[in-house]
$ cat start-v7.tsv   # TSV, C-alpha atoms
chain	number	residue	atom	x	y	z
A	1	MET	CA	96.85	33.29	-1.77
A	2	ARG	CA	96.34	33.85	1.95
A	3	ILE	CA	93.66	36.44	2.73
A	4	VAL	CA	93.35	37.87	6.24
A	5	MET	CA	89.79	39.07	6.85
A	6	GLY	CA	87.96	41.03	9.53
A	7	ALA	CA	84.79	43.05	10.18
A	8	GLN	CA	83.66	45.99	12.26
A	9	ASN	CA	82.23	45.03	15.67
A	10	CYS	CA	78.79	46.62	15.24
A	11	GLY	CA	75.91	44.18	15.06
A	12	PHE	CA	75.79	41.28	12.61
A	13	GLY	CA	75.72	43.37	9.42
A	14	PRO	CA	79.50	43.75	8.85
A	15	ALA	CA	80.24	40.16	9.89
A	16	SER	CA	77.45	38.86	7.65
A	17	GLU	CA	78.90	40.79	4.72
A	18	LEU	CA	82.35	39.39	5.52
A	19	VAL	CA	80.97	35.85	5.44
A	20	ALA	CA	79.32	36.59	2.09
A	21	VAL	CA	82.55	37.95	0.62
A	22	SER	CA	84.61	35.10	2.08
A	23	ARG	CA	82.40	32.51	0.43
A	24	LEU	CA	83.10	34.17	-2.92
A	25	LEU	CA	86.84	33.65	-2.30
A	26	SER	CA	86.73	29.94	-1.54
A	27	GLY	CA	89.72	29.18	-3.79
A	28	HIS	CA	92.01	31.09	-1.43
A	29	GLU	CA	93.11	30.47	2.16
A	30	ARG	CA	90.79	32.69	4.22
A	31	VAL	CA	91.77	33.59	7.79
A	32	PHE	CA	89.36	35.51	10.00
A	33	VAL	CA	90.79	37.76	12.69
A	34	GLY	CA	88.65	39.66	15.18
A	35	SER	CA	86.65	39.49	18.37
A	36	GLY	CA	83.30	40.37	19.93
A	37	VAL	CA	80.08	40.11	17.97
A	38	ALA	CA	81.98	39.70	14.68
A	39	ALA	CA	83.74	36.61	16.08
A	40	MET	CA	80.42	35.35	17.48
A	41	PHE	CA	78.86	35.47	14.02
A	42	THR	CA	81.93	33.98	12.34
A	43	ARG	CA	82.07	31.01	14.71
A	44	ARG	CA	78.54	30.09	13.64
A	45	HIS	CA	79.67	30.00	10.00
A	46	PRO	CA	82.99	28.13	10.11
A	47	ASP	CA	82.49	26.77	6.59
A	48	ALA	CA	83.14	30.27	5.23
A	49	PHE	CA	86.74	30.36	6.53
A	50	ASP	CA	89.79	28.13	6.58
A	51	ALA	CA	90.91	29.43	9.97
A	52	ILE	CA	89.37	31.59	12.70
A	53	ARG	CA	91.69	33.59	14.95
A	54	GLU	CA	89.78	35.27	17.75
A	55	ILE	CA	92.07	38.15	18.70
A	56	ASP	CA	91.23	41.64	19.93
A	57	ALA	CA	93.84	44.16	18.76
A	58	THR	CA	92.42	46.84	21.07
A	59	ARG	CA	93.00	44.86	24.27
A	60	GLY	CA	96.61	45.44	25.16
A	61	ARG	CA	99.94	45.18	23.41
A	62	ALA	CA	99.87	41.40	23.13
A	63	GLY	CA	96.64	41.37	21.12
A	64	ALA	CA	97.86	44.11	18.80
A	65	GLU	CA	101.12	42.28	18.17
A	66	LEU	CA	99.29	39.04	17.39
A	67	VAL	CA	97.14	40.81	14.78
A	68	ASP	CA	100.17	42.57	13.27
A	69	ASP	CA	102.09	39.29	13.08
A	70	LEU	CA	99.14	37.60	11.40
A	71	LEU	CA	98.88	40.40	8.83
A	72	LYS	CA	102.54	39.88	7.89
A	73	THR	CA	101.73	36.26	6.92
A	74	GLY	CA	98.95	37.31	4.53
A	75	ASP	CA	99.09	38.21	0.86
A	76	GLN	CA	95.88	40.27	0.92
A	77	VAL	CA	93.56	41.81	3.52
A	78	VAL	CA	89.79	42.28	3.29
A	79	SER	CA	88.25	44.60	5.87
A	80	VAL	CA	84.50	45.11	6.16
A	81	MET	CA	84.25	48.58	7.71
A	82	ASP	CA	87.01	47.81	10.23
A	83	ALA	CA	89.12	50.97	9.99
A	84	ASP	CA	91.72	49.75	12.48
A	85	LEU	CA	92.37	46.52	10.54
A	86	ALA	CA	92.74	48.53	7.33
A	87	LEU	CA	95.23	50.90	8.97
A	88	ARG	CA	97.26	48.02	10.40
A	89	SER	CA	97.31	46.43	6.94
A	90	VAL	CA	98.69	49.62	5.40
A	91	ILE	CA	101.46	49.76	8.02
A	92	ALA	CA	102.21	46.07	7.35
A	93	ARG	CA	102.54	46.93	3.62
A	94	ARG	CA	99.73	44.58	2.67
A	95	PRO	CA	97.17	45.37	-0.05
A	96	VAL	CA	93.76	45.90	1.54
A	97	VAL	CA	90.24	45.92	0.14
A	98	MET	CA	87.88	48.04	2.22
A	99	VAL	CA	84.29	46.76	1.92
A	100	ASP	CA	81.51	49.06	3.10
A	101	SER	CA	77.71	48.89	3.11
A	102	LEU	CA	77.39	52.28	4.85
A	103	PHE	CA	79.67	54.41	2.69
A	104	GLY	CA	77.21	57.30	2.52
A	105	PHE	CA	76.43	57.15	6.25
A	106	TRP	CA	79.75	58.33	7.67
A	107	ARG	CA	79.45	61.92	8.92
A	108	LEU	CA	82.43	64.23	8.34
A	109	ARG	CA	83.23	67.14	10.62
A	110	ARG	CA	85.89	68.43	8.25
A	111	PRO	CA	86.20	68.58	4.44
A	112	LEU	CA	87.12	65.39	2.63
A	113	ALA	CA	90.15	67.18	1.18
A	114	GLN	CA	91.57	67.65	4.68
A	115	ILE	CA	91.22	63.95	5.44
A	116	ARG	CA	92.85	63.14	2.09
A	117	ASP	CA	95.81	65.40	2.91
A	118	LEU	CA	96.14	63.83	6.36
A	119	CYS	CA	96.24	60.36	4.80
A	120	ALA	CA	98.78	61.49	2.20
A	121	SER	CA	101.20	62.49	4.98
A	122	LEU	CA	100.59	59.36	7.08
A	123	PRO	CA	103.76	58.05	8.75
A	124	ARG	CA	104.17	54.37	7.97
A	125	SER	CA	107.00	53.51	10.33
A	126	SER	CA	104.65	52.00	12.93
A	127	TYR	CA	100.99	51.60	13.78
A	128	VAL	CA	101.46	53.74	16.91
A	129	ALA	CA	102.78	56.64	14.80
A	130	ALA	CA	100.00	56.27	12.22
A	131	ASP	CA	97.31	56.04	14.88
A	132	ARG	CA	98.63	59.18	16.57
A	133	HIS	CA	98.67	60.98	13.21
A	134	LEU	CA	94.94	60.26	12.75
A	135	ALA	CA	94.00	60.87	16.40
A	136	ALA	CA	91.98	64.02	15.67
A	137	LEU	CA	89.59	62.15	13.38
A	138	SER	CA	86.20	61.00	14.62
A	139	PRO	CA	85.33	57.27	14.37
A	140	HIS	CA	83.32	58.00	11.21
A	141	GLU	CA	86.19	59.97	9.69
A	142	ARG	CA	88.54	57.08	10.50
A	143	VAL	CA	86.42	54.81	8.30
A	144	VAL	CA	86.59	57.34	5.48
A	145	ALA	CA	90.36	57.60	6.00
A	146	ALA	CA	90.56	53.80	5.71
A	147	HIS	CA	88.93	54.07	2.29
A	148	LEU	CA	91.48	56.70	1.28
A	149	LEU	CA	94.35	54.46	2.41
A	150	ALA	CA	92.99	51.19	1.01
A	151	THR	CA	94.16	49.61	-2.23
A	152	HIS	CA	90.54	49.20	-3.36
A	153	SER	CA	87.16	50.24	-1.94
A	154	VAL	CA	84.02	48.20	-2.59
A	155	VAL	CA	80.91	50.12	-1.53
A	156	GLN	CA	77.31	48.96	-1.53
A	157	ASN	CA	74.78	51.12	-3.37
A	158	PHE	CA	72.37	53.22	-1.29
A	159	PRO	CA	70.92	56.72	-1.61
A	160	GLY	CA	73.83	59.14	-1.16
A	161	VAL	CA	76.56	56.62	-2.01
A	162	PRO	CA	77.01	57.57	-5.72
A	163	GLU	CA	77.30	61.22	-4.69
A	164	ARG	CA	80.03	60.48	-2.13
A	165	ALA	CA	81.88	58.26	-4.62
A	166	ALA	CA	81.79	61.15	-7.11
A	167	GLU	CA	83.23	63.46	-4.43
A	168	PHE	CA	86.13	61.03	-3.92
A	169	ALA	CA	86.72	60.87	-7.66
A	170	ALA	CA	86.62	64.64	-8.09
A	171	LEU	CA	89.37	65.04	-5.47
A	172	GLY	CA	91.43	62.21	-6.86
A	173	ALA	CA	91.14	60.88	-3.35
A	174	GLY	CA	92.67	57.55	-2.50
A	175	SER	CA	91.71	54.26	-4.10
A	176	ALA	CA	89.14	53.81	-6.82
A	177	ILE	CA	85.61	53.38	-5.52
A	178	HIS	CA	83.88	50.28	-6.89
A	179	LEU	CA	80.10	50.57	-6.59
A	180	THR	CA	78.28	47.28	-6.10
A	181	GLY	CA	74.84	45.89	-5.43
A	182	PRO	CA	73.94	43.87	-2.31
A	183	ILE	CA	76.89	42.41	-0.40
A	184	ILE	CA	75.08	39.28	0.72
A	185	ASP	CA	75.36	35.48	0.55
A	186	LEU	CA	74.26	35.08	-3.06
A	187	GLU	CA	74.98	31.33	-3.16
A	188	GLY	CA	72.93	30.75	-0.02
A	189	LEU	CA	70.10	32.83	-1.44
A	190	ARG	CA	70.16	30.94	-4.75
A	191	ASN	CA	69.88	27.64	-2.88
A	192	THR	CA	67.12	28.80	-0.54
A	193	PRO	CA	63.82	27.07	-1.40
A	194	ARG	CA	61.00	29.53	-2.03
A	195	ASP	CA	58.09	27.11	-1.63
A	196	ALA	CA	58.91	25.24	1.60
A	197	GLU	CA	56.16	24.63	4.13
A	198	PRO	CA	56.39	27.40	6.75
A	199	GLU	CA	57.43	26.35	10.24
A	200	TYR	CA	56.34	29.70	11.70
A	201	ASP	CA	53.61	32.28	11.12
A	202	LEU	CA	55.83	35.25	11.96
A	203	LEU	CA	59.57	35.88	11.93
A	204	VAL	CA	61.03	38.72	14.03
A	205	ASN	CA	64.70	39.38	13.19
A	206	VAL	CA	66.38	41.73	15.69
A	207	GLY	CA	69.89	41.35	14.22
A	208	GLY	CA	73.13	41.21	16.18
A	209	PHE	CA	72.25	44.24	18.34
A	210	LYS	CA	75.67	44.78	19.98
A	211	ASN	CA	77.72	47.78	18.89
A	212	PHE	CA	79.90	50.56	20.37
A	213	LEU	CA	77.19	51.34	22.97
A	214	LEU	CA	74.49	48.64	22.95
A	215	ASP	CA	75.08	45.34	24.69
A	216	PHE	CA	73.01	42.45	25.99
A	217	ASP	CA	73.43	43.47	29.65
A	218	VAL	CA	74.40	47.15	29.40
A	219	ASN	CA	72.47	49.89	27.60
A	220	ASN	CA	69.93	47.18	26.82
A	221	ALA	CA	66.65	49.07	27.31
A	222	TYR	CA	65.59	48.06	23.78
A	223	LEU	CA	65.96	44.38	24.68
A	224	ARG	CA	63.98	44.84	27.88
A	225	LEU	CA	61.24	46.50	25.84
A	226	LEU	CA	61.36	43.60	23.39
A	227	HIS	CA	61.02	41.07	26.20
A	228	ARG	CA	57.99	42.94	27.52
A	229	TRP	CA	56.38	43.22	24.08
A	230	ILE	CA	56.71	39.61	22.86
A	231	PRO	CA	53.98	38.19	25.18
A	232	ASP	CA	51.70	41.06	24.13
A	233	LEU	CA	52.39	40.27	20.49
A	234	LEU	CA	51.08	36.76	21.14
A	235	ARG	CA	48.06	38.13	23.01
A	236	ASP	CA	47.18	40.71	20.36
A	237	TRP	CA	47.67	38.55	17.28
A	238	PRO	CA	46.02	35.09	17.46
A	239	ARG	CA	46.95	34.55	13.79
A	240	PHE	CA	50.60	34.33	14.88
A	241	SER	CA	50.47	31.09	16.82
A	242	ARG	CA	54.10	30.17	16.04
A	243	VAL	CA	56.65	32.98	16.18
A	244	LEU	CA	60.42	32.85	15.73
A	245	VAL	CA	62.34	35.74	17.31
A	246	CYS	CA	65.98	35.51	16.28
A	247	GLY	CA	69.20	37.47	16.67
A	248	GLY	CA	72.33	37.93	18.73
A	249	PRO	CA	70.55	38.63	22.02
A	250	PHE	CA	69.17	35.07	22.01
A	251	GLY	CA	72.35	33.07	21.52
A	252	GLY	CA	73.52	30.32	23.88
A	253	HIS	CA	72.13	30.52	27.42
A	254	ARG	CA	69.94	33.50	26.41
A	255	GLU	CA	67.66	31.30	24.33
A	256	ARG	CA	64.11	31.31	25.66
A	257	ASN	CA	60.54	30.31	24.85
A	258	VAL	CA	57.42	32.37	25.57
A	259	SER	CA	53.91	30.86	25.63
A	260	VAL	CA	50.61	32.73	25.84
A	261	ALA	CA	47.15	31.18	25.37
A	262	GLY	CA	48.50	28.23	23.41
A	263	ARG	CA	50.63	30.44	21.16
A	264	ARG	CA	54.42	30.30	21.32
A	265	ALA	CA	57.45	32.44	20.52
A	266	ASP	CA	60.84	30.72	20.20
A	267	CYS	CA	63.65	33.20	20.86
A	268	ARG	CA	67.03	31.93	19.62
A	269	LEU	CA	70.01	32.61	17.41
A	270	VAL	CA	69.92	30.69	14.12
A	271	PRO	CA	72.64	30.19	11.48
A	272	GLN	CA	72.42	32.61	8.58
A	273	ARG	CA	71.30	30.13	5.94
A	274	ASP	CA	68.64	28.75	8.27
A	275	LEU	CA	67.46	32.31	8.70
A	276	LEU	CA	67.27	32.73	4.91
A	277	ARG	CA	65.03	29.66	4.70
A	278	ALA	CA	62.79	31.13	7.38
A	279	VAL	CA	62.62	34.47	5.55
A	280	ALA	CA	61.63	32.72	2.33
A	281	SER	CA	58.86	30.62	3.85
A	282	THR	CA	57.40	32.58	6.80
A	283	PRO	CA	54.26	34.56	5.87
A	284	GLY	CA	55.04	37.56	8.11
A	285	TYR	CA	58.46	39.15	8.56
A	286	LEU	CA	59.45	41.90	11.01
A	287	LEU	CA	63.06	43.06	11.03
A	288	ALA	CA	65.35	45.63	12.58
A	289	PRO	CA	66.05	47.94	9.62
A	290	GLY	CA	69.61	46.87	8.91
A	291	LEU	CA	70.69	46.87	5.27
A	292	THR	CA	72.01	43.30	5.06
A	293	ALA	CA	68.75	41.77	6.29
A	294	LEU	CA	66.78	44.12	4.04
A	295	HIS	CA	68.82	43.15	0.98
A	296	GLU	CA	68.37	39.44	1.73
A	297	SER	CA	64.62	39.91	2.04
A	298	MET	CA	64.56	41.90	-1.21
A	299	VAL	CA	66.39	39.17	-3.14
A	300	LEU	CA	63.99	36.55	-1.76
A	301	GLY	CA	61.05	38.68	-2.93
A	302	ARG	CA	59.73	39.28	0.60
A	303	LEU	CA	58.62	42.70	1.84
A	304	PRO	CA	59.31	42.99	5.59
A	305	LEU	CA	57.97	45.41	8.17
A	306	GLY	CA	60.65	47.46	9.90
A	307	ILE	CA	60.60	47.46	13.69
A	308	HIS	CA	61.67	50.37	15.89
A	309	GLU	CA	65.17	51.79	15.60
A	310	GLN	CA	67.89	50.30	17.82
A	311	HIS	CA	70.63	52.80	16.92
A	312	TYR	CA	71.24	55.92	14.86
A	313	ALA	CA	72.10	54.02	11.65
A	314	HIS	CA	68.54	52.67	11.64
A	315	VAL	CA	67.22	56.23	11.84
A	316	TYR	CA	69.42	57.14	8.88
A	317	THR	CA	68.30	54.12	6.86
A	318	LEU	CA	64.58	54.72	7.41
A	319	ARG	CA	64.95	58.41	6.60
A	320	ARG	CA	66.74	57.64	3.32
A	321	LEU	CA	64.09	55.06	2.39
A	322	ASP	CA	61.13	57.20	3.44
A	323	GLY	CA	59.90	57.45	-0.14
A	324	THR	CA	59.45	53.67	-0.37
A	325	LEU	CA	56.64	51.50	0.90
A	326	PHE	CA	59.08	49.85	3.31
A	327	GLY	CA	60.29	53.18	4.66
A	328	ARG	CA	56.81	54.64	5.12
A	329	ASN	CA	55.41	51.55	6.83
A	330	ALA	CA	58.23	50.92	9.31
A	331	GLY	CA	57.65	51.28	13.03
A	332	ARG	CA	59.40	54.27	14.62
A	333	PHE	CA	59.77	55.59	18.13
A	334	ALA	CA	58.42	58.84	16.68
A	335	ASP	CA	55.04	57.06	16.69
A	336	VAL	CA	55.25	57.10	20.50
A	337	LEU	CA	57.19	60.32	21.16
A	338	PRO	CA	56.66	62.47	18.06
A	339	HIS	CA	58.42	65.53	19.46
A	340	HIS	CA	61.43	63.79	20.99
A	341	ARG	CA	64.51	64.78	19.00
A	342	VAL	CA	67.17	62.19	18.15
A	343	PRO	CA	70.55	63.96	17.74
A	344	GLU	CA	72.14	63.78	14.29
A	345	ASP	CA	75.13	61.86	15.62
A	346	ASP	CA	75.95	58.17	15.76
A	347	PHE	CA	76.82	57.95	19.45
A	348	ALA	CA	74.50	60.65	20.80
A	349	GLY	CA	71.65	59.50	18.56
A	350	THR	CA	72.04	55.90	19.70
A	351	ALA	CA	72.20	57.00	23.34
A	352	ALA	CA	68.96	58.95	22.83
A	353	LEU	CA	67.27	55.84	21.43
A	354	VAL	CA	68.40	53.85	24.48
A	355	GLU	CA	66.83	56.51	26.69
A	356	ILE	CA	63.61	56.48	24.65
A	357	ALA	CA	63.35	52.69	24.73
A	358	GLY	CA	63.84	52.77	28.51
A	359	ARG	CA	61.09	55.35	28.96
A	360	VAL	CA	58.68	53.35	26.79
A	361	GLN	CA	59.47	50.11	28.62
A	362	GLU	CA	58.99	51.61	32.08
A	363	ASP	CA	56.14	54.09	31.56
A	364	GLU	CA	52.73	52.39	31.35
A	365	GLU	CA	51.14	55.17	29.31
A	366	LEU	CA	54.00	55.29	26.80
A	367	TYR	CA	54.07	51.51	26.55
A	368	THR	CA	50.34	51.47	25.80
A	369	VAL	CA	50.93	53.96	22.96
A	370	PHE	CA	53.86	51.85	21.71
A	371	ARG	CA	51.77	48.68	21.71
A	372	ARG	CA	48.80	50.35	20.00
A	373	THR	CA	50.76	52.17	17.30
A	374	PHE	CA	52.88	49.13	16.48
A	375	ASN	CA	49.74	47.02	16.21
A	376	GLU	CA	48.46	49.60	13.74
A	377	ARG	CA	51.65	49.20	11.71
A	378	ILE	CA	51.30	45.41	11.78
A	379	GLU	CA	47.62	45.65	10.82
A	380	HIS	CA	48.51	47.71	7.76
A	381	TYR	CA	51.36	45.35	6.88
A	382	VAL	CA	49.28	42.15	6.99
A	383	SER	CA	46.54	43.83	4.92
A	384	LEU	CA	48.87	44.54	1.98
A	385	THR	CA	47.88	42.67	-1.15
A	386	PRO	CA	50.43	40.46	-2.95
A	387	ALA	CA	50.60	43.07	-5.70
A	388	ARG	CA	51.42	45.85	-3.22
A	389	ARG	CA	54.10	43.70	-1.61
A	390	ARG	CA	55.67	42.98	-5.00
A	391	HIS	CA	55.63	46.70	-5.74
A	392	GLY	CA	57.39	47.40	-2.44
A	393	VAL	CA	60.11	44.88	-3.26
A	394	GLU	CA	60.59	46.19	-6.80
A	395	GLU	CA	61.02	49.80	-5.73
A	396	LEU	CA	63.75	48.72	-3.30
A	397	ARG	CA	65.45	46.67	-6.00
A	398	ARG	CA	65.46	49.66	-8.36
A	399	LEU	CA	66.85	51.93	-5.66
A	400	LEU	CA	69.48	49.61	-4.17
A	401	GLY	CA	70.62	47.47	-7.09
A	402	GLY	CA	74.05	47.46	-8.69
A	403	GLU	CA	76.79	45.35	-10.21
A	404	PRO	CA	77.07	41.92	-8.52
A	405	VAL	CA	79.72	41.91	-5.83
A	406	HIS	CA	81.36	38.75	-7.21
A	407	ALA	CA	82.01	40.55	-10.51
A	408	VAL	CA	83.58	43.50	-8.70
A	409	LEU	CA	85.82	41.26	-6.59
A	410	ALA	CA	86.90	39.26	-9.65
A	411	ARG	CA	88.24	42.46	-11.22
A	412	ILE	CA	90.26	43.66	-8.25
A	413	LEU	CA	91.60	40.50	-6.58
A	414	PRO	CA	94.11	38.06	-8.06
A	415	PRO	CA	92.55	34.89	-9.50
A	416	ARG	CA	92.03	32.01	-7.10
A	417	ARG	CA	94.45	29.12	-7.07
A	418	SER	CA	93.71	26.04	-9.16
A	419	ALA	CA	92.08	23.06	-7.49
$ encode --input "start-v7.tsv" --output "structure tokens"
Amino acid sequence: MRIVMGAQNCGFGPASELVAVSRLLSGHERVFVGSGVAAMFTRRHPDAFDAIREIDATRGRAGAELVDDLLKTGDQVVSVMDADLALRSVIARRPVVMVDSLFGFWRLRRPLAQIRDLCASLPRSSYVAADRHLAALSPHERVVAAHLLATHSVVQNFPGVPERAAEFAALGAGSAIHLTGPIIDLEGLRNTPRDAEPEYDLLVNVGGFKNFLLDFDVNNAYLRLLHRWIPDLLRDWPRFSRVLVCGGPFGGHRERNVSVAGRRADCRLVPQRDLLRAVASTPGYLLAPGLTALHESMVLGRLPLGIHEQHYAHVYTLRRLDGTLFGRNAGRFADVLPHHRVPEDDFAGTAALVEIAGRVQEDEELYTVFRRTFNERIEHYVSLTPARRRHGVEELRRLLGGEPVHAVLARILPPRRSA
């Protein structure tokens, strides 16, 4: 069976989940289609796909036609939060599995029943007609509509997700919702050694960073703040003599090394399974509070410290996990500007965080508060006993666990071909 696969272009989370799902489908022909940060991540994991087609359906008629033609050659489509790919699959009359780690996150401006009715009357003569029919929906509502139109929906457990799944079921809305545990590279995690000699004293994982607003050269105040802070991290923490700072902003020519007083930070993009080995062995772990990285850390039995929010989804995640040790301990821009309101909106909230990061990076007084309060967070983190760290991991496992994703996929996808 030929499976065409794609992921939403927001950070490394969706692409990482796509790679994890693709590796579970190794008996099939797996063809990636996409562009941007999703394609960047996929190119670094070519073993997870049989073919990689870097095409952007949003850039002109030619790109859209190439994607549509590719979909017609597939037997099945898997979309990780890419609403446009799911819609194109429906128009191409291809069965589509919508995979989503943020199912409870999507904000609706109108009742779910209205979106269901809009999907029920969707014209299927062409993508242009279908896209026009859904034009009034917000980007978040488009993702929800993709779930309603999909053949199957696989959603990762998180506070609020069971309630939304029940709302879908009560309305008889769209495809069945299949609740699952972490959508991560389980094989890679199983094969990750837990007792390797650490190469670094501290790992800082900033994720893919790029999304609908953030970029490496535009709306990049967070990255400029990070660049300013890394030398101060080395100055303030002699115990961290070897630091690895990894993520999308440090790929290719953006790789850099920082040295202060004989201590060193290597800033680079590392393959996912190399990152898993670093997570398992490095004594200290700071991460942008994305769910994929958090799940990987949880499975490896490592409690990380969350760093300041890059975008609104991080605000949402920390708020939902506020009752956990991880959620309470995480760094927040509210430590620096406690009365600065972040709008309850994906775009506006992310834009506000860009503005906050810029103020902190440029204002000496605010930066001093940022440095001091984050050092306080790190001080508390490194002082946690092994028992407290184990407790922090276990409470996340209880809250976020669920049926293994490979078992869910085995139920809803045709069996793989024989060797």
$ residues_around --input "start-v7.tsv" --residues "His178 of chain A" --least-positions-apart "6" --cutoff "7 Å" --atoms "all atoms listed in the file" --output "PyMOL selection string"
chain A and resi 153-155
$ write_last_selection --input "start-v7.tsv" --atoms "C-alpha atoms" --output "PDB file, in the frame of the given file"
ATOM      1  CA  SER A 153      87.160  50.240  -1.940  1.00  0.00           C
ATOM      2  CA  VAL A 154      84.020  48.200  -2.590  1.00  0.00           C
ATOM      3  CA  VAL A 155      80.910  50.120  -1.530  1.00  0.00           C
TER       4      VAL A 155
END
$ residues_near_point --input "start-v7.tsv" --point "(81.2, 29.8, -4.1)" --cutoff "10 Å" --atoms "only C-alpha atoms" --output "NGL selection string"
:A and (20-27 or 48 or 185-188 or 406)
$ residues_around --input "start-v7.tsv" --residues "Leu87 of chain A" --least-positions-apart "3" --cutoff "8 Å" --atoms "only C-alpha atoms" --output "ChimeraX atom specification"
/A:83-84,90-91,127,130,146,149
$ closest_residue --input "start-v7.tsv" --among "A:Pro238, A:Gly208, A:Gly248, A:Gly327" --to "Gly13 of chain A" --atoms "only C-alpha atoms"
A:Gly208
$ closest_residue --input "start-v7.tsv" --among "A:Arg194, A:Arg116, A:Arg332, A:Arg277" --to "His147 of chain A" --atoms "all atoms listed in the file"
A:Arg116
$ residues_around --input "start-v7.tsv" --residues "segment 262-271 of chain A" --least-positions-apart "5" --cutoff "8 Å" --atoms "all atoms listed in the file" --output "ChimeraX atom specification"
/A:44-45,230,234,238,240-252,254-257
$ closest_residue --input "start-v7.tsv" --among "A:Leu179, A:Leu384, A:Leu122, A:Ala357" --to "Gly401 of chain A" --atoms "only C-alpha atoms"
A:Leu179
$ residues_around --input "start-v7.tsv" --residues "Ala176 of chain A" --least-positions-apart "6" --cutoff "10 Å" --atoms "all atoms listed in the file" --output "ChimeraX atom specification"
/A:147-148,150-154,165,168-169
$ closest_residue --input "start-v7.tsv" --among "A:Ala348, A:Leu102, A:Ala173, A:Ile356" --to "Val161 of chain A" --atoms "all atoms listed in the file"
A:Leu102
$ decode --input "start-v7.tsv" --residues "segment 165-211 of chain A" --atoms "C-alpha atoms" --output "CSV table (one decimal), in the first residue's frame"
chain,number,residue,atom,x,y,z
A,165,ALA,CA,-13.7,13.6,22.0
A,166,ALA,CA,-16.9,13.0,24.0
A,167,GLU,CA,-18.4,16.2,22.4
A,168,PHE,CA,-17.6,14.8,19.0
A,169,ALA,CA,-19.2,11.5,19.9
A,170,ALA,CA,-22.3,13.1,21.4
A,171,LEU,CA,-22.9,15.0,18.1
A,172,GLY,CA,-22.2,12.0,16.0
A,173,ALA,CA,-19.7,14.2,14.4
A,174,GLY,CA,-17.4,12.9,11.7
A,175,SER,CA,-15.0,10.0,12.1
A,176,ALA,CA,-14.5,8.0,15.2
A,177,ILE,CA,-12.0,9.6,17.6
A,178,HIS,CA,-9.2,7.1,18.6
A,179,LEU,CA,-7.5,8.3,21.8
A,180,THR,CA,-3.9,7.3,22.1
A,181,GLY,CA,-0.9,7.8,24.4
A,182,PRO,CA,2.3,9.5,23.3
A,183,ILE,CA,2.8,9.8,19.5
A,184,ILE,CA,6.6,9.4,19.6
A,185,ASP,CA,9.4,7.2,18.2
A,186,LEU,CA,8.8,4.2,20.5
A,187,GLU,CA,11.4,2.0,18.7
A,188,GLY,CA,14.1,4.7,19.0
A,189,LEU,CA,13.2,5.2,22.7
A,190,ARG,CA,13.4,1.4,23.3
A,191,ASN,CA,16.9,1.3,21.8
A,192,THR,CA,18.2,4.4,23.6
A,193,PRO,CA,20.8,3.4,26.2
A,194,ARG,CA,19.9,4.7,29.7
A,195,ASP,CA,23.4,4.3,31.2
A,196,ALA,CA,25.7,5.9,28.6
A,197,GLU,CA,28.5,8.2,29.8
A,198,PRO,CA,27.2,11.8,29.4
A,199,GLU,CA,28.9,13.9,26.8
A,200,TYR,CA,27.3,17.1,28.2
A,201,ASP,CA,26.4,18.5,31.6
A,202,LEU,CA,23.3,20.3,30.3
A,203,LEU,CA,21.0,19.9,27.3
A,204,VAL,CA,18.9,22.8,26.1
A,205,ASN,CA,16.3,21.8,23.5
A,206,VAL,CA,14.6,24.8,21.8
A,207,GLY,CA,12.7,22.7,19.3
A,208,GLY,CA,12.0,23.6,15.7
A,209,PHE,CA,10.9,27.2,16.5
A,210,LYS,CA,9.4,28.1,13.1
A,211,ASN,CA,5.7,28.4,12.8
